Amino acid sequence: MLENVSLLGLFVSALLAATPIPFQSEVVFVALQTLGTQNIWLMILVAALGNTIGSLVTYAIGLGVTRWKDRKWFPANETQLARGHRWFERWGIGLLLLSWAPGGDLICLVAGILRMSMWLFLPLVFLAKAGRYAVLAWLTAQAIGLAS
């Protein structure tokens, strides 16, 4: 039962970390990995799913924020949005593969604002997030091995 609770905590921390809420899921991931009570592949899957769903929340915020695009305070006009859309069509796919990095949440927000296909968004973001947690797991395993 405690293992399920720890995975739920990992999921929630990963989800929150990919939203505008400031949170660090890596700390939870590393702490859980060092306990050695969970299958590492299951941890990577749970964290990547939580982080991807969190990115989807940020994407949805981007979708919703465009209803105010005609307001004076909105940070972009129609011309700028059109230019951003063209630019994102050209570079957005590659940028989403960087959604794991600091500032990656902004990329997810822009993907929503520019109405990127969710069916393209989801697999790219999941791949990026899973890759990040796999690298973190490997680095943690190396560090634990050095400490032993």
# chains A, B, ... in the order shown; residues from 1 in each chain; ligands from 1
call {"tool": "select_by_dssp", "arguments": {"residues": "chain A", "states": "helix (DSSP H, G or I)", "output": "mmCIF file with N, CA and C atoms, in the first residue's frame"}}
result
data_model
loop_
_atom_site.group_PDB
_atom_site.id
_atom_site.type_symbol
_atom_site.label_atom_id
_atom_site.label_comp_id
_atom_site.auth_asym_id
_atom_site.auth_seq_id
_atom_site.Cartn_x
_atom_site.Cartn_y
_atom_site.Cartn_z
ATOM 1 N N LEU A 2 1.939 1.261 0.797
ATOM 2 C CA LEU A 2 2.825 2.419 0.857
ATOM 3 C C LEU A 2 3.461 2.684 -0.514
ATOM 4 N N GLU A 3 3.746 1.618 -1.261
ATOM 5 C CA GLU A 3 4.328 1.782 -2.593
ATOM 6 C C GLU A 3 3.366 2.521 -3.509
ATOM 7 N N ASN A 4 2.053 2.188 -3.418
ATOM 8 C CA ASN A 4 1.056 2.863 -4.245
ATOM 9 C C ASN A 4 0.941 4.336 -3.877
ATOM 10 N N VAL A 5 1.018 4.644 -2.606
ATOM 11 C CA VAL A 5 0.948 6.034 -2.152
ATOM 12 C C VAL A 5 2.160 6.807 -2.662
ATOM 13 N N SER A 6 3.326 6.188 -2.628
ATOM 14 C CA SER A 6 4.524 6.881 -3.096
ATOM 15 C C SER A 6 4.456 7.135 -4.603
ATOM 16 N N LEU A 7 3.899 6.194 -5.354
ATOM 17 C CA LEU A 7 3.726 6.422 -6.795
ATOM 18 C C LEU A 7 2.701 7.517 -7.063
ATOM 19 N N LEU A 8 1.651 7.558 -6.251
ATOM 20 C CA LEU A 8 0.656 8.627 -6.388
ATOM 21 C C LEU A 8 1.303 9.983 -6.093
ATOM 22 N N GLY A 9 2.137 10.032 -5.072
ATOM 23 C CA GLY A 9 2.856 11.267 -4.757
ATOM 24 C C GLY A 9 3.769 11.700 -5.890
ATOM 25 N N LEU A 10 4.431 10.732 -6.510
ATOM 26 C CA LEU A 10 5.291 11.023 -7.654
ATOM 27 C C LEU A 10 4.460 11.569 -8.810
ATOM 28 N N PHE A 11 3.310 10.935 -9.076
ATOM 29 C CA PHE A 11 2.424 11.375 -10.155
ATOM 30 C C PHE A 11 1.970 12.813 -9.922
ATOM 31 N N VAL A 12 1.506 13.098 -8.715
ATOM 32 C CA VAL A 12 1.001 14.440 -8.395
ATOM 33 C C VAL A 12 2.122 15.472 -8.482
ATOM 34 N N SER A 13 3.292 15.134 -7.968
ATOM 35 C CA SER A 13 4.403 16.097 -8.024
ATOM 36 C C SER A 13 4.819 16.366 -9.467
ATOM 37 N N ALA A 14 4.822 15.338 -10.301
ATOM 38 C CA ALA A 14 5.175 15.512 -11.710
ATOM 39 C C ALA A 14 4.110 16.334 -12.435
ATOM 40 N N LEU A 15 2.848 16.095 -12.113
ATOM 41 C CA LEU A 15 1.763 16.852 -12.729
ATOM 42 C C LEU A 15 1.884 18.332 -12.355
ATOM 43 N N LEU A 16 2.039 18.623 -11.077
ATOM 44 C CA LEU A 16 2.136 20.012 -10.624
ATOM 45 C C LEU A 16 3.347 20.721 -11.224
ATOM 46 N N ALA A 17 4.441 19.991 -11.378
ATOM 47 C CA ALA A 17 5.676 20.589 -11.883
ATOM 48 C C ALA A 17 5.541 21.084 -13.326
ATOM 49 N N SER A 25 9.510 18.094 -9.315
ATOM 50 C CA SER A 25 9.238 16.658 -9.214
ATOM 51 C C SER A 25 10.518 15.838 -9.162
ATOM 52 N N GLU A 26 11.615 16.399 -9.613
ATOM 53 C CA GLU A 26 12.877 15.650 -9.619
ATOM 54 C C GLU A 26 13.300 15.246 -8.214
ATOM 55 N N VAL A 27 13.047 16.096 -7.261
ATOM 56 C CA VAL A 27 13.410 15.794 -5.867
ATOM 57 C C VAL A 27 12.625 14.572 -5.385
ATOM 58 N N VAL A 28 11.341 14.542 -5.689
ATOM 59 C CA VAL A 28 10.500 13.407 -5.293
ATOM 60 C C VAL A 28 10.960 12.146 -6.015
ATOM 61 N N PHE A 29 11.260 12.266 -7.310
ATOM 62 C CA PHE A 29 11.702 11.123 -8.101
ATOM 63 C C PHE A 29 12.990 10.523 -7.533
ATOM 64 N N VAL A 30 13.978 11.377 -7.291
ATOM 65 C CA VAL A 30 15.273 10.901 -6.777
ATOM 66 C C VAL A 30 15.111 10.287 -5.385
ATOM 67 N N ALA A 31 14.317 10.927 -4.545
ATOM 68 C CA ALA A 31 14.103 10.386 -3.191
ATOM 69 C C ALA A 31 13.466 9.003 -3.256
ATOM 70 N N LEU A 32 12.487 8.844 -4.112
ATOM 71 C CA LEU A 32 11.812 7.548 -4.258
ATOM 72 C C LEU A 32 12.758 6.511 -4.856
ATOM 73 N N GLN A 33 13.563 6.930 -5.813
ATOM 74 C CA GLN A 33 14.515 5.993 -6.413
ATOM 75 C C GLN A 33 15.550 5.529 -5.399
ATOM 76 N N THR A 34 16.026 6.416 -4.580
ATOM 77 C CA THR A 34 17.057 6.028 -3.607
ATOM 78 C C THR A 34 16.513 5.086 -2.538
ATOM 79 N N LEU A 35 15.204 5.131 -2.305
ATOM 80 C CA LEU A 35 14.607 4.164 -1.375
ATOM 81 C C LEU A 35 14.689 2.743 -1.930
ATOM 82 N N ILE A 40 11.976 0.931 -11.363
ATOM 83 C CA ILE A 40 12.400 2.198 -11.958
ATOM 84 C C ILE A 40 11.622 2.521 -13.231
ATOM 85 N N TRP A 41 11.289 1.512 -14.025
ATOM 86 C CA TRP A 41 10.531 1.753 -15.263
ATOM 87 C C TRP A 41 9.116 2.208 -14.957
ATOM 88 N N LEU A 42 8.535 1.677 -13.899
ATOM 89 C CA LEU A 42 7.211 2.115 -13.471
ATOM 90 C C LEU A 42 7.282 3.557 -12.972
ATOM 91 N N MET A 43 8.338 3.888 -12.264
ATOM 92 C CA MET A 43 8.514 5.268 -11.803
ATOM 93 C C MET A 43 8.626 6.231 -12.981
ATOM 94 N N ILE A 44 9.400 5.849 -13.988
ATOM 95 C CA ILE A 44 9.567 6.699 -15.173
ATOM 96 C C ILE A 44 8.215 6.885 -15.866
ATOM 97 N N LEU A 45 7.459 5.803 -16.012
ATOM 98 C CA LEU A 45 6.148 5.875 -16.662
ATOM 99 C C LEU A 45 5.192 6.773 -15.870
ATOM 100 N N VAL A 46 5.112 6.569 -14.569
ATOM 101 C CA VAL A 46 4.204 7.351 -13.720
ATOM 102 C C VAL A 46 4.584 8.833 -13.761
ATOM 103 N N ALA A 47 5.863 9.133 -13.624
ATOM 104 C CA ALA A 47 6.309 10.528 -13.637
ATOM 105 C C ALA A 47 6.069 11.163 -15.004
ATOM 106 N N ALA A 48 6.352 10.429 -16.076
ATOM 107 C CA ALA A 48 6.146 10.969 -17.424
ATOM 108 C C ALA A 48 4.667 11.209 -17.700
ATOM 109 N N LEU A 49 3.806 10.302 -17.256
ATOM 110 C CA LEU A 49 2.366 10.509 -17.437
ATOM 111 C C LEU A 49 1.884 11.727 -16.650
ATOM 112 N N GLY A 50 2.284 11.841 -15.407
ATOM 113 C CA GLY A 50 1.894 12.994 -14.613
ATOM 114 C C GLY A 50 2.386 14.295 -15.211
ATOM 115 N N ASN A 51 3.637 14.318 -15.647
ATOM 116 C CA ASN A 51 4.220 15.521 -16.216
ATOM 117 C C ASN A 51 3.560 15.874 -17.548
ATOM 118 N N THR A 52 3.206 14.865 -18.339
ATOM 119 C CA THR A 52 2.527 15.108 -19.616
ATOM 120 C C THR A 52 1.127 15.668 -19.378
ATOM 121 N N ILE A 53 0.413 15.127 -18.407
ATOM 122 C CA ILE A 53 -0.925 15.646 -18.091
ATOM 123 C C ILE A 53 -0.819 17.085 -17.575
ATOM 124 N N GLY A 54 0.195 17.358 -16.777
ATOM 125 C CA GLY A 54 0.432 18.731 -16.330
ATOM 126 C C GLY A 54 0.706 19.666 -17.501
ATOM 127 N N SER A 55 1.460 19.191 -18.477
ATOM 128 C CA SER A 55 1.722 19.989 -19.682
ATOM 129 C C SER A 55 0.441 20.199 -20.481
ATOM 130 N N LEU A 56 -0.431 19.211 -20.455
ATOM 131 C CA LEU A 56 -1.722 19.332 -21.133
ATOM 132 C C LEU A 56 -2.579 20.406 -20.453
ATOM 133 N N VAL A 57 -2.487 20.516 -19.136
ATOM 134 C CA VAL A 57 -3.183 21.588 -18.414
ATOM 135 C C VAL A 57 -2.653 22.945 -18.886
ATOM 136 N N THR A 58 -1.341 23.069 -18.988
ATOM 137 C CA THR A 58 -0.733 24.318 -19.449
ATOM 138 C C THR A 58 -1.142 24.616 -20.886
ATOM 139 N N TYR A 59 -1.182 23.594 -21.727
ATOM 140 C CA TYR A 59 -1.645 23.719 -23.112
ATOM 141 C C TYR A 59 -3.087 24.234 -23.130
ATOM 142 N N ALA A 60 -3.932 23.677 -22.278
ATOM 143 C CA ALA A 60 -5.344 24.084 -22.207
ATOM 144 C C ALA A 60 -5.465 25.540 -21.746
ATOM 145 N N ILE A 61 -4.607 25.960 -20.841
ATOM 146 C CA ILE A 61 -4.600 27.369 -20.429
ATOM 147 C C ILE A 61 -4.302 28.240 -21.652
ATOM 148 N N GLY A 62 -3.349 27.804 -22.463
ATOM 149 C CA GLY A 62 -3.033 28.533 -23.695
ATOM 150 C C GLY A 62 -4.222 28.591 -24.644
ATOM 151 N N LEU A 63 -4.947 27.497 -24.753
ATOM 152 C CA LEU A 63 -6.152 27.499 -25.598
ATOM 153 C C LEU A 63 -7.163 28.516 -25.085
ATOM 154 N N GLY A 64 -7.347 28.552 -23.771
ATOM 155 C CA GLY A 64 -8.358 29.420 -23.179
ATOM 156 C C GLY A 64 -8.001 30.888 -23.175
ATOM 157 N N VAL A 65 -6.711 31.195 -23.082
ATOM 158 C CA VAL A 65 -6.290 32.587 -22.961
ATOM 159 C C VAL A 65 -6.564 33.374 -24.249
ATOM 160 N N THR A 66 -6.686 32.699 -25.369
ATOM 161 C CA THR A 66 -6.890 33.415 -26.638
ATOM 162 C C THR A 66 -8.264 34.067 -26.735
ATOM 163 N N ARG A 67 -9.172 33.734 -25.844
ATOM 164 C CA ARG A 67 -10.474 34.407 -25.903
ATOM 165 C C ARG A 67 -10.340 35.888 -25.560
ATOM 166 N N TRP A 68 -9.229 36.274 -24.962
ATOM 167 C CA TRP A 68 -8.988 37.681 -24.628
ATOM 168 C C TRP A 68 -8.043 38.364 -25.616
ATOM 169 N N GLU A 78 -3.129 40.404 -33.693
ATOM 170 C CA GLU A 78 -3.407 39.368 -34.706
ATOM 171 C C GLU A 78 -2.205 39.116 -35.610
ATOM 172 N N THR A 79 -1.507 40.161 -36.004
ATOM 173 C CA THR A 79 -0.336 40.009 -36.878
ATOM 174 C C THR A 79 0.758 39.213 -36.171
ATOM 175 N N GLN A 80 0.994 39.533 -34.922
ATOM 176 C CA GLN A 80 2.015 38.821 -34.148
ATOM 177 C C GLN A 80 1.610 37.369 -33.924
ATOM 178 N N LEU A 81 0.330 37.127 -33.657
ATOM 179 C CA LEU A 81 -0.137 35.749 -33.489
ATOM 180 C C LEU A 81 0.032 34.959 -34.786
ATOM 181 N N ALA A 82 -0.282 35.567 -35.919
ATOM 182 C CA ALA A 82 -0.123 34.888 -37.211
ATOM 183 C C ALA A 82 1.353 34.578 -37.486
ATOM 184 N N ARG A 83 2.221 35.534 -37.181
ATOM 185 C CA ARG A 83 3.658 35.316 -37.364
ATOM 186 C C ARG A 83 4.151 34.210 -36.421
ATOM 187 N N GLY A 84 3.667 34.241 -35.177
ATOM 188 C CA GLY A 84 4.019 33.193 -34.220
ATOM 189 C C GLY A 84 3.529 31.827 -34.667
ATOM 190 N N HIS A 85 2.352 31.795 -35.242
ATOM 191 C CA HIS A 85 1.795 30.536 -35.733
ATOM 192 C C HIS A 85 2.679 29.949 -36.839
ATOM 193 N N ARG A 86 3.079 30.806 -37.788
ATOM 194 C CA ARG A 86 3.964 30.332 -38.873
ATOM 195 C C ARG A 86 5.297 29.838 -38.313
ATOM 196 N N TRP A 87 5.852 30.602 -37.375
ATOM 197 C CA TRP A 87 7.131 30.236 -36.777
ATOM 198 C C TRP A 87 6.993 28.927 -36.015
ATOM 199 N N PHE A 88 5.902 28.776 -35.268
ATOM 200 C CA PHE A 88 5.704 27.564 -34.471
ATOM 201 C C PHE A 88 5.452 26.353 -35.368
ATOM 202 N N GLU A 89 4.790 26.552 -36.508
ATOM 203 C CA GLU A 89 4.616 25.442 -37.456
ATOM 204 C C GLU A 89 5.963 24.947 -37.955
ATOM 205 N N ARG A 90 6.886 25.861 -38.101
ATOM 206 C CA ARG A 90 8.221 25.490 -38.602
ATOM 207 C C ARG A 90 9.089 24.866 -37.509
ATOM 208 N N TRP A 91 9.101 25.431 -36.300
ATOM 209 C CA TRP A 91 10.021 25.024 -35.250
ATOM 210 C C TRP A 91 9.365 24.370 -34.044
ATOM 211 N N GLY A 92 8.049 24.400 -33.971
ATOM 212 C CA GLY A 92 7.337 23.950 -32.779
ATOM 213 C C GLY A 92 7.572 22.498 -32.410
ATOM 214 N N ILE A 93 7.641 21.636 -33.418
ATOM 215 C CA ILE A 93 7.843 20.212 -33.131
ATOM 216 C C ILE A 93 9.176 20.005 -32.406
ATOM 217 N N GLY A 94 10.204 20.610 -32.907
ATOM 218 C CA GLY A 94 11.506 20.497 -32.251
ATOM 219 C C GLY A 94 11.508 21.122 -30.874
ATOM 220 N N LEU A 95 10.820 22.243 -30.750
ATOM 221 C CA LEU A 95 10.758 22.908 -29.448
ATOM 222 C C LEU A 95 10.037 22.057 -28.419
ATOM 223 N N LEU A 96 8.975 21.364 -28.828
ATOM 224 C CA LEU A 96 8.254 20.524 -27.876
ATOM 225 C C LEU A 96 9.131 19.407 -27.331
ATOM 226 N N GLY A 104 10.221 25.014 -20.437
ATOM 227 C CA GLY A 104 9.439 24.151 -21.322
ATOM 228 C C GLY A 104 7.942 24.333 -21.170
ATOM 229 N N ASP A 105 7.531 24.764 -19.981
ATOM 230 C CA ASP A 105 6.098 25.012 -19.770
ATOM 231 C C ASP A 105 5.617 26.153 -20.660
ATOM 232 N N LEU A 106 6.475 27.125 -20.909
ATOM 233 C CA LEU A 106 6.124 28.229 -21.792
ATOM 234 C C LEU A 106 5.902 27.722 -23.221
ATOM 235 N N ILE A 107 6.711 26.754 -23.647
ATOM 236 C CA ILE A 107 6.535 26.164 -24.974
ATOM 237 C C ILE A 107 5.164 25.493 -25.065
ATOM 238 N N CYS A 108 4.774 24.798 -24.001
ATOM 239 C CA CYS A 108 3.461 24.130 -23.974
ATOM 240 C C CYS A 108 2.334 25.154 -23.990
ATOM 241 N N LEU A 109 2.511 26.268 -23.299
ATOM 242 C CA LEU A 109 1.519 27.338 -23.287
ATOM 243 C C LEU A 109 1.358 27.926 -24.689
ATOM 244 N N VAL A 110 2.474 28.198 -25.348
ATOM 245 C CA VAL A 110 2.437 28.756 -26.701
ATOM 246 C C VAL A 110 1.801 27.756 -27.672
ATOM 247 N N ALA A 111 2.078 26.477 -27.488
ATOM 248 C CA ALA A 111 1.450 25.458 -28.341
ATOM 249 C C ALA A 111 -0.072 25.530 -28.224
ATOM 250 N N GLY A 112 -0.565 25.776 -27.017
ATOM 251 C CA GLY A 112 -2.006 25.933 -26.830
ATOM 252 C C GLY A 112 -2.524 27.222 -27.442
ATOM 253 N N ILE A 113 -1.833 28.316 -27.206
ATOM 254 C CA ILE A 113 -2.246 29.607 -27.766
ATOM 255 C C ILE A 113 -2.334 29.515 -29.281
ATOM 256 N N MET A 118 -3.434 18.704 -30.706
ATOM 257 C CA MET A 118 -3.194 17.989 -29.450
ATOM 258 C C MET A 118 -2.633 16.597 -29.731
ATOM 259 N N TRP A 119 -3.001 16.004 -30.856
ATOM 260 C CA TRP A 119 -2.546 14.647 -31.185
ATOM 261 C C TRP A 119 -1.089 14.633 -31.605
ATOM 262 N N LEU A 120 -0.561 15.761 -31.994
ATOM 263 C CA LEU A 120 0.877 15.892 -32.234
ATOM 264 C C LEU A 120 1.582 16.310 -30.938
ATOM 265 N N PHE A 121 0.933 17.178 -30.186
ATOM 266 C CA PHE A 121 1.473 17.690 -28.933
ATOM 267 C C PHE A 121 1.740 16.567 -27.924
ATOM 268 N N LEU A 122 0.734 15.730 -27.682
ATOM 269 C CA LEU A 122 0.830 14.716 -26.622
ATOM 270 C C LEU A 122 1.985 13.735 -26.791
ATOM 271 N N PRO A 123 2.155 13.081 -27.949
ATOM 272 C CA PRO A 123 3.276 12.126 -28.029
ATOM 273 C C PRO A 123 4.651 12.788 -27.941
ATOM 274 N N LEU A 124 4.782 13.989 -28.507
ATOM 275 C CA LEU A 124 6.075 14.674 -28.441
ATOM 276 C C LEU A 124 6.431 15.055 -27.008
ATOM 277 N N VAL A 125 5.457 15.575 -26.298
ATOM 278 C CA VAL A 125 5.705 15.975 -24.912
ATOM 279 C C VAL A 125 5.965 14.737 -24.052
ATOM 280 N N PHE A 126 5.187 13.677 -24.246
ATOM 281 C CA PHE A 126 5.413 12.456 -23.464
ATOM 282 C C PHE A 126 6.819 11.915 -23.707
ATOM 283 N N LEU A 127 7.244 11.889 -24.954
ATOM 284 C CA LEU A 127 8.593 11.416 -25.290
ATOM 285 C C LEU A 127 9.659 12.259 -24.584
ATOM 286 N N ALA A 128 9.486 13.563 -24.615
ATOM 287 C CA ALA A 128 10.456 14.456 -23.965
ATOM 288 C C ALA A 128 10.479 14.245 -22.453
ATOM 289 N N LYS A 129 9.301 14.143 -21.858
ATOM 290 C CA LYS A 129 9.219 13.988 -20.401
ATOM 291 C C LYS A 129 9.766 12.633 -19.954
ATOM 292 N N ALA A 130 9.402 11.565 -20.670
ATOM 293 C CA ALA A 130 9.902 10.230 -20.328
ATOM 294 C C ALA A 130 11.420 10.175 -20.474
ATOM 295 N N GLY A 131 11.930 10.812 -21.521
ATOM 296 C CA GLY A 131 13.377 10.849 -21.718
ATOM 297 C C GLY A 131 14.094 11.556 -20.583
ATOM 298 N N ARG A 132 13.512 12.640 -20.114
ATOM 299 C CA ARG A 132 14.103 13.377 -18.998
ATOM 300 C C ARG A 132 14.158 12.515 -17.737
ATOM 301 N N TYR A 133 13.055 11.826 -17.424
ATOM 302 C CA TYR A 133 13.049 10.994 -16.214
ATOM 303 C C TYR A 133 13.960 9.776 -16.372
ATOM 304 N N ALA A 134 14.097 9.243 -17.574
ATOM 305 C CA ALA A 134 15.012 8.119 -17.791
ATOM 306 C C ALA A 134 16.463 8.564 -17.549
ATOM 307 N N VAL A 135 16.809 9.740 -18.051
ATOM 308 C CA VAL A 135 18.160 10.271 -17.826
ATOM 309 C C VAL A 135 18.372 10.558 -16.337
ATOM 310 N N LEU A 136 17.381 11.120 -15.688
ATOM 311 C CA LEU A 136 17.479 11.379 -14.246
ATOM 312 C C LEU A 136 17.674 10.080 -13.471
ATOM 313 N N ALA A 137 16.936 9.033 -13.857
ATOM 314 C CA ALA A 137 17.072 7.731 -13.190
ATOM 315 C C ALA A 137 18.480 7.176 -13.382
ATOM 316 N N TRP A 138 19.017 7.305 -14.584
ATOM 317 C CA TRP A 138 20.366 6.803 -14.872
ATOM 318 C C TRP A 138 21.407 7.584 -14.060
ATOM 319 N N LEU A 139 21.277 8.909 -14.043
ATOM 320 C CA LEU A 139 22.225 9.735 -13.288
ATOM 321 C C LEU A 139 22.161 9.419 -11.795
ATOM 322 N N THR A 140 20.946 9.228 -11.299
ATOM 323 C CA THR A 140 20.792 8.892 -9.881
ATOM 324 C C THR A 140 21.422 7.537 -9.579
ATOM 325 N N ALA A 141 21.199 6.569 -10.471
ATOM 326 C CA ALA A 141 21.796 5.237 -10.280
ATOM 327 C C ALA A 141 23.318 5.340 -10.278
ATOM 328 N N GLN A 142 23.877 6.179 -11.149
ATOM 329 C CA GLN A 142 25.329 6.354 -11.173
ATOM 330 C C GLN A 142 25.809 6.986 -9.881
ATOM 331 N N ALA A 143 25.100 7.984 -9.396
ATOM 332 C CA ALA A 143 25.489 8.657 -8.157
ATOM 333 C C ALA A 143 25.388 7.713 -6.952
ATOM 334 N N ILE A 144 24.345 6.908 -6.928
ATOM 335 C CA ILE A 144 24.195 5.940 -5.820
ATOM 336 C C ILE A 144 25.338 4.928 -5.879
ATOM 337 N N GLY A 145 25.683 4.507 -7.086
ATOM 338 C CA GLY A 145 26.773 3.550 -7.251
ATOM 339 C C GLY A 145 28.108 4.119 -6.799
ATOM 340 N N LEU A 146 28.330 5.381 -7.052
ATOM 341 C CA LEU A 146 29.574 6.027 -6.627
ATOM 342 C C LEU A 146 29.639 6.188 -5.119
ATOM 343 N N ALA A 147 28.478 6.370 -4.507
ATOM 344 C CA ALA A 147 28.438 6.568 -3.054
ATOM 345 C C ALA A 147 28.632 5.245 -2.289
#
call {"tool": "atom_distance", "arguments": {"atom1": "atom CA of Asp70 of chain A", "atom2": "atom CA of Pro22 of chain A"}}
result
29.1 Å
call {"tool": "atom_distance", "arguments": {"atom1": "atom CA of Ser99 of chain A", "atom2": "atom CA of Phe74 of chain A"}}
result
23.9 Å
